[in-house]
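Trainee: Here you go, one structure.
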Amino acid sequence: MQVPKFSIILPTYNVQAFIAQALQSCINQTFKDIEIIVVDDCGQDSSIEIAKEFALKDERVKIIHNEKNQGVFIARNNGALVASGEYLLFLDPDDYFDERACEILFEIIDKNKSLEIDFISFNCYSQEKQDASFEKHNLASRREGFVNKDKLLEFYFDNDMNFGGVVFKLCRKEAYLSAISIIGGGGIDKYGRRQFSRYSSFVGE
C-alpha cells in the first residue's frame with residue numbers, strides 16, 4: 001500500500017455517541033491519501049466495536065490497542081508511533097472535520113514545497129448543544145501566513161494567542177516525534193515546541 005500523506009489519529013475512550021460521526025468525516029475527505037488510526041484507550045463502552053465496523057468497510061481505518069488506559073496524551077503518541085503518513089492530524093472523536101480539510105491542507109503544503117512546512121494551525125467551530133449555533137474559534141486567522149521557529153515560539157508565549165493543544169493542527173510526523181522524544185511522558189510544553197524547526201503556517205478558514 002502506498003504511504004499516505006496524512007495520518008489522522010483518534011484517541012478513543014468512551015465516545016460511542018460521537019465516534020461514528022468523527023470517523024465518517026475522515027472517510028468522506030475529498031483528499032483520499034490518508035490513513036485513520038483509532039487508538040483504543042481501554043474504555044468501557046462500544047466505541048471500538050463501532051470503529052471495527054468502519055475498519056471492515058474501509059482499509060484505511062486501523063485500530064491499535066493500549067494495554068491499559070493511559071490518557072489522551074499517551075494515546076495520541078502511541079498513534080503517532082505507528083503512523084505511516086508524512087503528516088499527522090489529531091482528531092478527538094467528539095469532533096469532526098469538514099470534508100475538504102485535508103484537501104485544503106495538502107494544497108497549502110503542495111504550493112509551498114520550498115518551505116518544508118512542519119506545522120499548520122487552522123480555525124475551528126464549537127457547538128455547546130446540538131440545537132445551538134456554532135461559534136468560531138480563531139486559532140489561526142489573526143496570524144495568517146508563514147513563520148519560522150523563533151516567530152512561532154513568540155506566538156506561543158503570546159497570551160492573546162490560543163494554540164488549543166495539538167487538535168486543529170497539522171504536524172510533520174518527524175517533528176512531532178522529535179518533540180515527544182525529549183519530553184518523555186509529560187505533556188507538550190514550550191520545550192517540545194522548539195522541535196518545530198522549519199516553517200509553520202496559520203490558516204484562517
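Labels used: A, B, ... for chains in the order of the C-alpha cells, numbers from 1 for residues in each chain, and numbers from 1 for ligands as shown.
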List every residue of segment 47-115 of chain A that has an atom at most 9 Å from any atom of segment 165-185 of chain A, and for each one report the closest atom pair and its distance in Å to one decimal, counting only C-alpha atoms, with rows sorted by chain and then by increasing residue number, as a Markdown table.
Mentor:
| residue | atom | partner | partner_atom | distance |
| --- | --- | --- | --- | --- |
| A:Phe73 | CA | A:Gly185 | CA | 8.4 |
| A:Ile74 | CA | A:Gly185 | CA | 7.3 |
| A:Asn77 | CA | A:Ile180 | CA | 7.7 |
| A:Ala80 | CA | A:Lys173 | CA | 7.3 |
| A:Leu81 | CA | A:Leu177 | CA | 7.5 |
| A:Ala83 | CA | A:Lys173 | CA | 8.2 |
| A:Ser84 | CA | A:Lys173 | CA | 8.8 |
| A:Gly85 | CA | A:Lys173 | CA | 7.3 |
| A:Glu86 | CA | A:Lys173 | CA | 5.7 |
| A:Tyr87 | CA | A:Arg172 | CA | 4.3 |
| A:Leu88 | CA | A:Cys171 | CA | 5.2 |
| A:Leu89 | CA | A:Leu170 | CA | 5.0 |
| A:Phe90 | CA | A:Val167 | CA | 5.3 |
| A:Leu91 | CA | A:Val167 | CA | 6.1 |
| A:Asp92 | CA | A:Val167 | CA | 7.4 |
| A:Leu105 | CA | A:Leu170 | CA | 8.0 |
Trainee: Taking 4 positions as the minimum chain separation for residues in the same chain, which residues sit within 12 Å of Arg60 of chain A when counting only C-alpha atoms? Answer as a PyMOL selection string.
Mentor: chain A and resi 1-4+6-9+23-24+26-29+32-38+51-52+54-56+83-85
Trainee: Run DSSP on the backbone of this structure and report the residues of segment 2-124 of chain A it assigns to strand (DSSP E or B), as a PyMOL selection string.
Mentor: chain A and resi 6-12+34-40+61-65+87-90+117-122+124
Trainee: Okay, now the selection with C-alpha atoms, as a PDB file, in the first residue's frame?
Mentor:
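Result went into out00.pdb, see below:
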ATOM      1  CA  PHE A   6      -1.709  12.268   6.238  1.00  0.00           C
ATOM      2  CA  SER A   7      -2.343  10.072   9.276  1.00  0.00           C
ATOM      3  CA  ILE A   8      -5.429  11.062  11.265  1.00  0.00           C
ATOM      4  CA  ILE A   9      -5.210   9.874  14.872  1.00  0.00           C
ATOM      5  CA  LEU A  10      -8.256   9.486  17.113  1.00  0.00           C
ATOM      6  CA  PRO A  11      -7.530   8.771  20.832  1.00  0.00           C
ATOM      7  CA  THR A  12     -10.635   6.828  21.802  1.00  0.00           C
ATOM      8  CA  ILE A  34      -4.913   9.330   4.267  1.00  0.00           C
ATOM      9  CA  GLU A  35      -4.906   6.684   6.948  1.00  0.00           C
ATOM     10  CA  ILE A  36      -7.158   6.777  10.004  1.00  0.00           C
ATOM     11  CA  ILE A  37      -5.758   5.413  13.264  1.00  0.00           C
ATOM     12  CA  VAL A  38      -8.128   4.706  16.138  1.00  0.00           C
ATOM     13  CA  VAL A  39      -6.277   4.285  19.431  1.00  0.00           C
ATOM     14  CA  ASP A  40      -8.234   2.132  21.881  1.00  0.00           C
ATOM     15  CA  VAL A  61      -9.148   2.635   9.151  1.00  0.00           C
ATOM     16  CA  LYS A  62      -6.739   0.926  11.557  1.00  0.00           C
ATOM     17  CA  ILE A  63      -7.213   0.166  15.247  1.00  0.00           C
ATOM     18  CA  ILE A  64      -4.434  -0.168  17.809  1.00  0.00           C
ATOM     19  CA  HIS A  65      -4.957  -1.105  21.444  1.00  0.00           C
ATOM     20  CA  TYR A  87       1.989  14.483   8.430  1.00  0.00           C
ATOM     21  CA  LEU A  88      -0.191  13.908  11.498  1.00  0.00           C
ATOM     22  CA  LEU A  89      -3.649  15.231  12.258  1.00  0.00           C
ATOM     23  CA  PHE A  90      -5.205  14.689  15.675  1.00  0.00           C
ATOM     24  CA  ILE A 117       6.303  23.174   6.410  1.00  0.00           C
ATOM     25  CA  ASP A 118       6.334  21.479   9.827  1.00  0.00           C
ATOM     26  CA  PHE A 119       3.130  22.778  11.335  1.00  0.00           C
ATOM     27  CA  ILE A 120      -0.197  24.249  10.233  1.00  0.00           C
ATOM     28  CA  SER A 121      -2.793  25.672  12.609  1.00  0.00           C
ATOM     29  CA  PHE A 122      -6.369  26.176  11.435  1.00  0.00           C
ATOM     30  CA  CYS A 124     -12.467  25.527  14.252  1.00  0.00           C
TER      31      CYS A 124
END
